[in-house]
>>> print(open('start.tsv').read())   # TSV, C-alpha atoms
chain	number	residue	atom	x	y	z
Z	25	MET	CA	186.17	58.62	87.16
Z	26	LEU	CA	182.85	57.58	88.66
Z	27	LYS	CA	180.02	60.08	88.44
Z	28	VAL	CA	178.76	60.73	91.97
Z	29	GLY	CA	175.90	62.67	93.51
Z	30	VAL	CA	175.20	63.53	97.14
Z	31	LEU	CA	171.85	63.31	98.91
Z	32	GLY	CA	171.77	65.81	101.78
Z	33	ALA	CA	173.71	69.06	102.07
Z	34	GLY	CA	173.76	69.57	105.81
Z	35	HIS	CA	176.87	69.83	107.99
Z	36	LEU	CA	178.35	66.45	106.97
Z	37	GLY	CA	176.91	66.58	103.46
Z	38	LYS	CA	178.86	69.75	102.72
Z	39	ILE	CA	182.07	68.02	103.87
Z	40	HIS	CA	181.36	65.08	101.55
Z	41	LEU	CA	180.63	67.46	98.66
Z	42	ARG	CA	183.93	69.27	99.15
Z	43	LEU	CA	185.97	66.07	99.34
Z	44	LEU	CA	184.27	64.39	96.39
Z	45	ASN	CA	184.82	67.56	94.37
Z	46	GLN	CA	188.56	67.40	94.99
Z	47	SER	CA	188.90	63.62	94.53
Z	48	ASP	CA	190.50	62.32	91.34
Z	49	LYS	CA	188.43	59.12	91.54
Z	50	TYR	CA	185.05	60.83	91.29
Z	51	GLU	CA	183.36	63.40	89.12
Z	52	LEU	CA	180.96	65.32	91.35
Z	53	VAL	CA	177.78	65.78	89.29
Z	54	GLY	CA	175.73	67.55	91.97
Z	55	PHE	CA	173.49	67.17	95.00
Z	56	TYR	CA	169.88	67.12	96.16
Z	57	ASP	CA	168.59	68.58	99.42
Z	58	PRO	CA	164.85	68.72	100.23
Z	59	ASN	CA	165.30	72.08	101.95
Z	60	SER	CA	165.20	74.38	98.92
Z	61	ASP	CA	166.55	77.38	100.84
Z	62	ASN	CA	169.56	75.40	102.02
Z	63	ALA	CA	170.05	73.88	98.56
Z	64	ASP	CA	170.06	77.34	96.95
Z	65	LYS	CA	172.52	78.62	99.55
Z	66	VAL	CA	174.95	75.70	99.11
Z	67	SER	CA	174.75	75.88	95.32
Z	68	LYS	CA	175.36	79.63	95.31
Z	69	GLU	CA	178.17	79.56	97.89
Z	70	PHE	CA	180.14	76.59	96.53
Z	71	GLY	CA	179.06	76.31	92.91
Z	72	TYR	CA	177.79	72.73	93.11
Z	73	THR	CA	174.98	71.76	90.75
Z	74	LYS	CA	171.63	71.54	92.53
Z	75	PHE	CA	169.08	68.94	91.43
Z	76	ASP	CA	165.37	69.52	91.95
Z	77	THR	CA	164.47	65.87	92.63
Z	78	ILE	CA	166.09	62.73	94.00
Z	79	VAL	CA	165.08	60.87	90.84
Z	80	ALA	CA	166.88	63.35	88.57
Z	81	LEU	CA	170.08	63.14	90.63
Z	82	ILE	CA	170.08	59.33	90.74
Z	83	ALA	CA	169.57	59.15	86.97
Z	84	ALA	CA	172.63	61.34	86.36
Z	85	VAL	CA	175.23	59.38	88.33
Z	86	ASP	CA	176.95	56.01	88.86
Z	87	VAL	CA	177.23	56.34	92.67
Z	88	VAL	CA	175.02	58.04	95.24
Z	89	ASP	CA	176.41	59.23	98.58
Z	90	VAL	CA	173.59	59.31	101.16
Z	91	VAL	CA	174.28	61.90	103.88
Z	92	THR	CA	170.73	62.49	105.07
Z	93	PRO	CA	169.19	62.07	108.55
Z	94	THR	CA	169.09	58.42	109.63
Z	95	LEU	CA	165.28	58.25	109.45
Z	96	SER	CA	165.43	58.77	105.68
Z	97	HIS	CA	168.30	56.35	104.91
Z	98	TYR	CA	166.07	53.44	103.97
Z	99	ASP	CA	163.81	55.36	101.57
Z	100	CYS	CA	166.84	56.94	99.89
Z	101	ALA	CA	168.72	53.64	99.68
Z	102	LYS	CA	165.71	51.84	98.18
Z	103	GLN	CA	165.40	54.40	95.38
Z	104	VAL	CA	169.14	54.36	94.67
Z	105	ILE	CA	169.50	50.58	94.61
Z	106	GLU	CA	166.36	49.94	92.55
Z	107	ALA	CA	167.81	52.36	89.98
Z	108	GLY	CA	170.88	50.09	89.82
Z	109	LYS	CA	173.31	52.64	91.29
Z	110	HIS	CA	176.08	51.92	93.83
Z	111	ILE	CA	175.51	53.45	97.25
Z	112	PHE	CA	177.65	54.92	100.01
Z	113	ILE	CA	175.49	55.45	103.08
Z	114	GLU	CA	176.41	57.29	106.26
Z	115	LYS	CA	176.28	55.47	109.58
Z	116	PRO	CA	174.13	54.13	111.03
Z	117	ILE	CA	173.08	52.25	107.91
Z	118	SER	CA	169.40	52.69	108.74
Z	119	ASN	CA	166.93	53.36	111.51
Z	120	THR	CA	165.92	49.72	112.11
Z	121	ILE	CA	167.40	46.25	111.69
Z	122	GLU	CA	164.54	45.29	109.36
Z	123	GLU	CA	165.34	48.21	107.06
Z	124	ALA	CA	169.05	47.37	107.08
Z	125	ASP	CA	168.36	43.72	106.22
Z	126	ASP	CA	166.13	44.85	103.37
Z	127	ILE	CA	168.86	47.15	102.04
Z	128	ILE	CA	171.21	44.13	101.90
Z	129	THR	CA	168.55	42.02	100.12
Z	130	LEU	CA	167.97	44.77	97.54
Z	131	ALA	CA	171.71	45.28	96.98
Z	132	ASN	CA	172.15	41.56	96.28
Z	133	LYS	CA	169.10	41.49	94.00
Z	134	TYR	CA	170.27	44.45	91.90
Z	135	ASN	CA	173.97	43.46	92.08
Z	136	ILE	CA	175.20	46.79	93.38
Z	137	LYS	CA	177.99	47.60	95.82
Z	138	GLY	CA	177.37	49.39	99.07
Z	139	GLN	CA	179.54	50.80	101.82
Z	140	VAL	CA	178.62	52.25	105.22
Z	141	GLY	CA	180.35	55.37	106.56
Z	142	HIS	CA	181.99	53.98	109.68
Z	143	VAL	CA	184.82	56.45	109.34
Z	144	GLU	CA	186.92	55.31	112.33
Z	145	ARG	CA	188.01	52.26	110.32
Z	146	PHE	CA	190.05	54.76	108.29
Z	147	ASN	CA	191.46	56.65	111.26
Z	148	PRO	CA	195.25	56.58	110.74
Z	149	ALA	CA	195.94	55.59	114.36
Z	150	PHE	CA	193.70	52.53	113.91
Z	151	THR	CA	194.98	51.56	110.46
Z	152	ALA	CA	198.55	51.79	111.81
Z	153	THR	CA	197.80	49.26	114.55
Z	154	LYS	CA	195.03	47.02	113.20
Z	155	ALA	CA	197.41	44.34	111.90
Z	156	LYS	CA	198.96	44.12	115.38
Z	157	ILE	CA	195.59	43.51	117.08
Z	158	GLU	CA	195.50	39.73	117.16
Z	159	ASN	CA	192.88	37.88	119.20
Z	160	PRO	CA	192.27	40.59	121.84
Z	161	MET	CA	190.69	39.26	125.04
Z	162	PHE	CA	189.79	42.53	126.78
Z	163	ILE	CA	188.87	45.82	125.12
Z	164	GLU	CA	188.04	49.13	126.74
Z	165	THR	CA	186.70	52.15	124.86
Z	166	HIS	CA	185.80	55.69	125.91
Z	167	ARG	CA	184.05	58.04	123.49
Z	168	LEU	CA	183.17	61.29	125.25
Z	169	ALA	CA	181.90	64.43	123.56
Z	170	GLU	CA	180.91	67.91	124.64
Z	171	PHE	CA	177.19	68.57	124.25
Z	172	ASN	CA	175.98	69.32	120.73
Z	173	PRO	CA	172.24	69.46	119.96
Z	174	ARG	CA	172.95	67.84	116.56
Z	175	GLY	CA	172.45	64.10	116.96
Z	176	THR	CA	170.39	64.15	120.15
Z	177	ASP	CA	167.35	62.83	118.27
Z	178	VAL	CA	168.85	59.34	118.69
Z	179	PRO	CA	170.36	57.56	121.75
Z	180	VAL	CA	174.06	58.14	122.34
Z	181	VAL	CA	174.60	54.48	121.38
Z	182	LEU	CA	173.54	55.20	117.78
Z	183	ASP	CA	175.18	58.61	117.74
Z	184	LEU	CA	178.61	57.85	119.23
Z	185	MET	CA	179.07	54.34	120.62
Z	186	ILE	CA	178.29	52.68	117.29
Z	187	HIS	CA	181.72	53.83	116.03
Z	188	ASP	CA	183.41	51.72	118.70
Z	189	ILE	CA	181.00	48.82	118.22
Z	190	ASP	CA	181.99	48.64	114.54
Z	191	VAL	CA	185.72	48.85	115.30
Z	192	ILE	CA	185.42	46.09	117.91
Z	193	LEU	CA	183.42	43.81	115.62
Z	194	SER	CA	186.08	44.29	112.94
Z	195	VAL	CA	188.87	42.91	115.18
Z	196	VAL	CA	187.05	40.31	117.30
Z	197	LYS	CA	186.39	37.34	115.05
Z	198	SER	CA	183.77	35.71	117.24
Z	199	PRO	CA	179.97	35.91	117.64
Z	200	VAL	CA	178.48	38.03	120.44
Z	201	LYS	CA	177.42	35.84	123.37
Z	202	ASN	CA	175.93	38.27	125.88
Z	203	ILE	CA	175.37	42.01	126.42
Z	204	ASN	CA	174.74	44.01	129.59
Z	205	ALA	CA	174.26	47.75	129.48
Z	206	SER	CA	172.86	50.78	131.24
Z	207	GLY	CA	172.06	54.27	130.01
Z	208	VAL	CA	171.00	57.57	131.55
Z	209	SER	CA	169.10	60.47	130.02
Z	210	VAL	CA	170.35	63.79	131.38
Z	211	ILE	CA	169.41	66.49	128.90
Z	212	SER	CA	167.80	64.60	126.02
Z	213	GLU	CA	164.73	62.39	125.71
Z	214	THR	CA	167.07	59.47	124.94
Z	215	PRO	CA	170.16	58.30	126.92
Z	216	ASP	CA	173.09	60.73	126.87
Z	217	ILE	CA	175.49	58.45	128.77
Z	218	ALA	CA	175.80	54.72	128.23
Z	219	ASN	CA	178.00	51.85	129.32
Z	220	ALA	CA	177.94	48.41	127.74
Z	221	ARG	CA	179.71	45.13	128.38
Z	222	ILE	CA	179.85	42.82	125.37
Z	223	GLU	CA	180.93	39.21	125.89
Z	224	PHE	CA	181.99	37.16	122.89
Z	225	GLU	CA	181.88	33.38	122.51
Z	226	ASN	CA	185.69	33.17	122.36
Z	227	GLY	CA	185.94	34.74	125.85
Z	228	CYS	CA	186.77	38.29	124.77
Z	229	VAL	CA	185.09	41.03	126.80
Z	230	ALA	CA	184.60	44.60	125.58
Z	231	ASN	CA	183.64	47.43	127.93
Z	232	LEU	CA	182.32	50.52	126.12
Z	233	THR	CA	181.49	53.96	127.54
Z	234	ALA	CA	179.93	56.80	125.56
Z	235	SER	CA	178.79	60.25	126.66
Z	236	ARG	CA	177.65	63.34	124.82
Z	237	ILE	CA	177.55	65.61	127.87
Z	238	SER	CA	181.23	65.45	128.82
Z	239	LEU	CA	183.37	68.44	129.74
Z	240	LYS	CA	186.06	67.24	127.35
Z	241	ASN	CA	186.31	65.23	124.16
Z	242	MET	CA	187.90	61.79	124.27
Z	243	ARG	CA	188.00	58.91	121.78
Z	244	LYS	CA	190.31	56.21	123.12
Z	245	SER	CA	190.37	52.43	122.80
Z	246	ARG	CA	192.65	49.91	124.52
Z	247	PHE	CA	193.16	46.35	123.35
Z	248	PHE	CA	194.68	43.72	125.63
Z	249	GLN	CA	195.91	40.41	124.26
Z	250	LYS	CA	198.49	37.74	125.05
Z	251	ASP	CA	201.82	39.51	125.58
Z	252	ALA	CA	200.64	42.85	124.17
Z	253	TYR	CA	198.71	46.03	124.98
Z	254	ILE	CA	197.64	48.37	122.18
Z	255	SER	CA	196.31	51.88	122.74
Z	256	VAL	CA	194.58	53.88	119.99
Z	257	ASP	CA	193.66	57.54	120.40
Z	258	PHE	CA	191.18	58.23	117.61
Z	259	LEU	CA	190.94	61.92	118.51
Z	260	ASP	CA	194.63	62.86	118.63
Z	261	LYS	CA	195.52	60.17	116.06
Z	262	VAL	CA	198.31	58.57	118.08
Z	263	CYS	CA	198.87	54.96	119.06
Z	264	GLU	CA	201.10	52.89	121.26
Z	265	VAL	CA	201.99	49.21	121.20
Z	266	VAL	CA	203.49	47.66	124.33
Z	267	LYS	CA	204.73	44.10	123.93
Z	268	MET	CA	206.29	41.44	126.13
Z	269	LYS	CA	208.71	38.67	125.29
Z	270	ASP	CA	210.81	36.24	127.30
Z	271	ALA	CA	213.56	38.13	129.07
Z	272	PRO	CA	217.15	37.54	127.88
Z	273	GLU	CA	219.51	35.56	130.10
Z	274	VAL	CA	221.59	38.68	130.64
Z	275	PRO	CA	219.37	41.80	130.46
Z	276	GLY	CA	220.85	45.04	129.21
Z	277	ASP	CA	221.19	48.03	131.50
Z	278	PHE	CA	218.11	49.70	130.03
Z	279	ASP	CA	215.91	46.62	129.50
Z	280	MET	CA	212.55	46.72	131.30
Z	281	ILE	CA	212.03	43.37	133.03
Z	282	LEU	CA	208.95	42.13	134.87
Z	283	GLN	CA	208.98	39.05	137.10
Z	284	ASN	CA	205.82	37.32	138.28
Z	285	ALA	CA	205.27	35.34	141.48
Z	286	GLU	CA	206.42	32.13	139.81
Z	287	GLY	CA	209.71	33.72	138.83
Z	288	LEU	CA	208.90	33.99	135.12
Z	289	LYS	CA	210.66	37.00	133.62
Z	290	LYS	CA	209.36	39.04	130.70
Z	291	GLN	CA	210.94	41.94	128.86
Z	292	ILE	CA	208.73	44.91	127.98
Z	293	TYR	CA	209.40	46.77	124.77
Z	294	PHE	CA	207.59	49.52	122.91
Z	295	GLU	CA	206.63	49.87	119.27
Z	296	ASN	CA	205.57	53.20	117.85
Z	297	PRO	CA	203.89	52.52	114.50
Z	298	ASP	CA	204.09	55.25	111.88
Z	299	VAL	CA	200.81	57.14	111.72
Z	300	ALA	CA	200.42	58.63	108.26
Z	301	ALA	CA	198.37	61.81	108.08
Z	302	ASN	CA	195.18	61.38	106.07
Z	303	ASN	CA	191.61	62.53	105.62
Z	304	ALA	CA	189.58	59.56	106.82
Z	305	ILE	CA	186.35	60.64	105.09
Z	306	LEU	CA	188.15	61.06	101.75
Z	307	ASP	CA	189.83	57.68	102.26
Z	308	GLU	CA	186.55	55.87	102.91
Z	309	LEU	CA	184.96	57.44	99.83
Z	310	GLU	CA	187.94	56.65	97.60
Z	311	THR	CA	188.31	53.05	98.78
Z	312	PHE	CA	184.67	52.61	97.80
Z	313	ALA	CA	185.52	53.85	94.30
Z	314	ASP	CA	188.35	51.29	94.20
Z	315	ALA	CA	185.95	48.52	95.28
Z	316	ILE	CA	183.58	49.44	92.43
Z	317	ASN	CA	186.29	49.79	89.79
Z	318	ASN	CA	188.17	46.62	90.83
Z	319	ASN	CA	185.06	44.61	91.71
Z	320	THR	CA	186.32	43.93	95.24
Z	321	THR	CA	184.61	43.90	98.62
Z	322	PRO	CA	184.19	47.36	100.22
Z	323	VAL	CA	186.09	47.93	103.48
Z	324	VAL	CA	182.90	48.45	105.49
Z	325	THR	CA	180.17	46.35	103.88
Z	326	LEU	CA	176.42	46.75	104.25
Z	327	GLU	CA	176.56	43.59	106.36
Z	328	ASP	CA	179.17	45.19	108.66
Z	329	GLY	CA	176.99	48.25	109.10
Z	330	THR	CA	173.96	46.07	109.83
Z	331	GLU	CA	175.80	43.98	112.43
Z	332	ALA	CA	177.00	47.13	114.22
Z	333	LEU	CA	173.39	48.37	114.24
Z	334	ARG	CA	172.15	45.00	115.53
Z	335	VAL	CA	174.56	45.10	118.49
Z	336	ALA	CA	173.68	48.76	119.13
Z	337	TYR	CA	169.98	47.91	119.41
Z	338	LYS	CA	170.72	45.00	121.73
Z	339	ILE	CA	172.48	47.50	123.99
Z	340	ILE	CA	169.50	49.88	123.78
Z	341	ASP	CA	167.16	46.98	124.62
Z	342	CYS	CA	169.13	46.51	127.86
Z	343	PHE	CA	168.16	50.05	128.89
Z	344	LYS	CA	164.47	49.16	128.63
Z	345	LYS	CA	164.93	46.11	130.85
>>> encode(input="start.tsv", output="structure tokens")
Amino acid sequence: MLKVGVLGAGHLGKIHLRLLNQSDKYELVGFYDPNSDNADKVSKEFGYTKFDTIVALIAAVDVVDVVTPTLSHYDCAKQVIEAGKHIFIEKPISNTIEEADDIITLANKYNIKGQVGHVERFNPAFTATKAKIENPMFIETHRLAEFNPRGTDVPVVLDLMIHDIDVILSVVKSPVKNINASGVSVISETPDIANARIEFENGCVANLTASRISLKNMRKSRFFQKDAYISVDFLDKVCEVVKMKDAPEVPGDFDMILQNAEGLKKQIYFENPDVAANNAILDELETFADAINNNTTPVVTLEDGTEALRVAYKIIDCFKK
């Protein structure tokens, strides 16, 4: 079991503490939170060991789980990595591209493993369909959330849309060619609604919409590719795969047949992949333990997290133009 400590005991930090405490791949040593009142409260309520300094916590563990506000990610990561400890860091990896690139440089220098908390990669509806997403040419995503003051210190692109950016980059194996985007601030100082169109060099186009002032929650993505349409509902954890193949000479009574203007006939059929119930946050933390123990590449690398951040900032730059 890897000894692990958590930096940050806010809303998400408490979830990480609970899951690490119940994991059989980690031994939860304790946590550090700069807010002493909150640290005392969490320690008293849940029984986790509270450390008085970051340095003391880092020294006591093999792995550090950084669940602090984004602005502090870089300073925390630098201390963790320079101490030679493996690091799991919540998304976004850092506040700037320069900081993220430096985190990668440090990780390589000190030969440590790092993973970024892009949790939707572990969503069971996505993992059930990912192998079926082959060379998508059009992608549409909607990530809508009811207003929550938590997270409004950053643009909705870094708060919500970055989840979909990471998922898209994980299935489109082509460099980004062009980005167009627009964003509107409604209640925050930064954009609350954003739409982006990402064009890839292989011809794929992704259209992303994110809002944090919606009347309902929605997290849906649709992938269109040759002879297939794949729908993933990240919120309700359901998925649908609709495929086409050449129609049989003699269709059955219940076969769904489409015929185009040239007379070409295609049969439509449905696949319903099994979606296994899971806890995506626990899965991402435990796959990181596996990567450390087996010396393999983490599922969401520091480079993946940096590339998602790079695309996110290109979208934000479009707002300024």
>>> closest_residue(input="start.tsv", among="Z:Asn159, Z:Asn241, Z:Thr92, Z:Gln46", to="Ala33 (chain Z)", atoms="all atoms listed in the file")
Z:Thr92
>>> atom_distance(input="start.tsv", atom1="CA of Asn231 (chain Z)", atom2="CA of Phe162 (chain Z)")
7.9 Å
>>> atom_distance(input="start.tsv", atom1="CA of Val53 (chain Z)", atom2="CA of Ile128 (chain Z)")
25.9 Å
>>> atom_distance(input="start.tsv", atom1="CA of Thr330 (chain Z)", atom2="CA of Asp125 (chain Z)")
7.1 Å
>>> closest_residue(input="start.tsv", among="Z:Leu232, Z:Val181, Z:Leu306, Z:Val140", to="Ala124 (chain Z)", atoms="all atoms listed in the file")
Z:Val140
>>> closest_residue(input="start.tsv", among="Z:Leu130, Z:Ala336, Z:Leu44, Z:Ile192", to="Lys109 (chain Z)", atoms="only C-alpha atoms")
Z:Leu130
>>> residues_around(input="start.tsv", residues="Val91 (chain Z)", least_positions_apart="6", cutoff="10 Å", atoms="all atoms listed in the file", output="ChimeraX atom specification")
/Z:30-41,57,97,100,112-115,141
>>> closest_residue(input="start.tsv", among="Z:Asn296, Z:Gly108, Z:Val256, Z:Arg42", to="Glu69 (chain Z)", atoms="only C-alpha atoms")
Z:Arg42
>>> axis_aligned_box(input="start.tsv", around="region 92-105 of chain Z", padding_each_side="4 Å", output="lines of an AutoDock Vina configuration file")
center_x = 167.3
center_y = 56.5
center_z = 102.1
size_x = 14.9
size_y = 19.9
size_z = 23.0
>>> closest_residue(input="start.tsv", among="Z:Thr233, Z:Thr214, Z:Asn202, Z:Ser209", to="Ile186 (chain Z)", atoms="only C-alpha atoms")
Z:Thr233
>>> residues_around(input="start.tsv", residues="Ser96 (chain Z)", least_positions_apart="5", cutoff="9 Å", atoms="only C-alpha atoms", output="PyMOL selection string")
chain Z and resi 101+118-119
>>> closest_residue(input="start.tsv", among="Z:Glu158, Z:Asp279, Z:Glu164, Z:Asp216", to="Val180 (chain Z)", atoms="all atoms listed in the file")
Z:Asp216
>>> residues_around(input="start.tsv", residues="His110 (chain Z)", least_positions_apart="4", cutoff="9 Å", atoms="all atoms listed in the file", output="list in words")
Asp86, Val87, Val88, Asp89, Val104, Ile105, Ala131, Asn135, Ile136, Lys137, Gly138, Gln139 and Ile316 of chain Z
>>> residues_around(input="start.tsv", residues="Gln103 (chain Z)", least_positions_apart="5", cutoff="9 Å", atoms="all atoms listed in the file", output="list of chain:residue names")
Z:Ile78, Z:Val79, Z:Ile82, Z:Tyr98, Z:Gly108
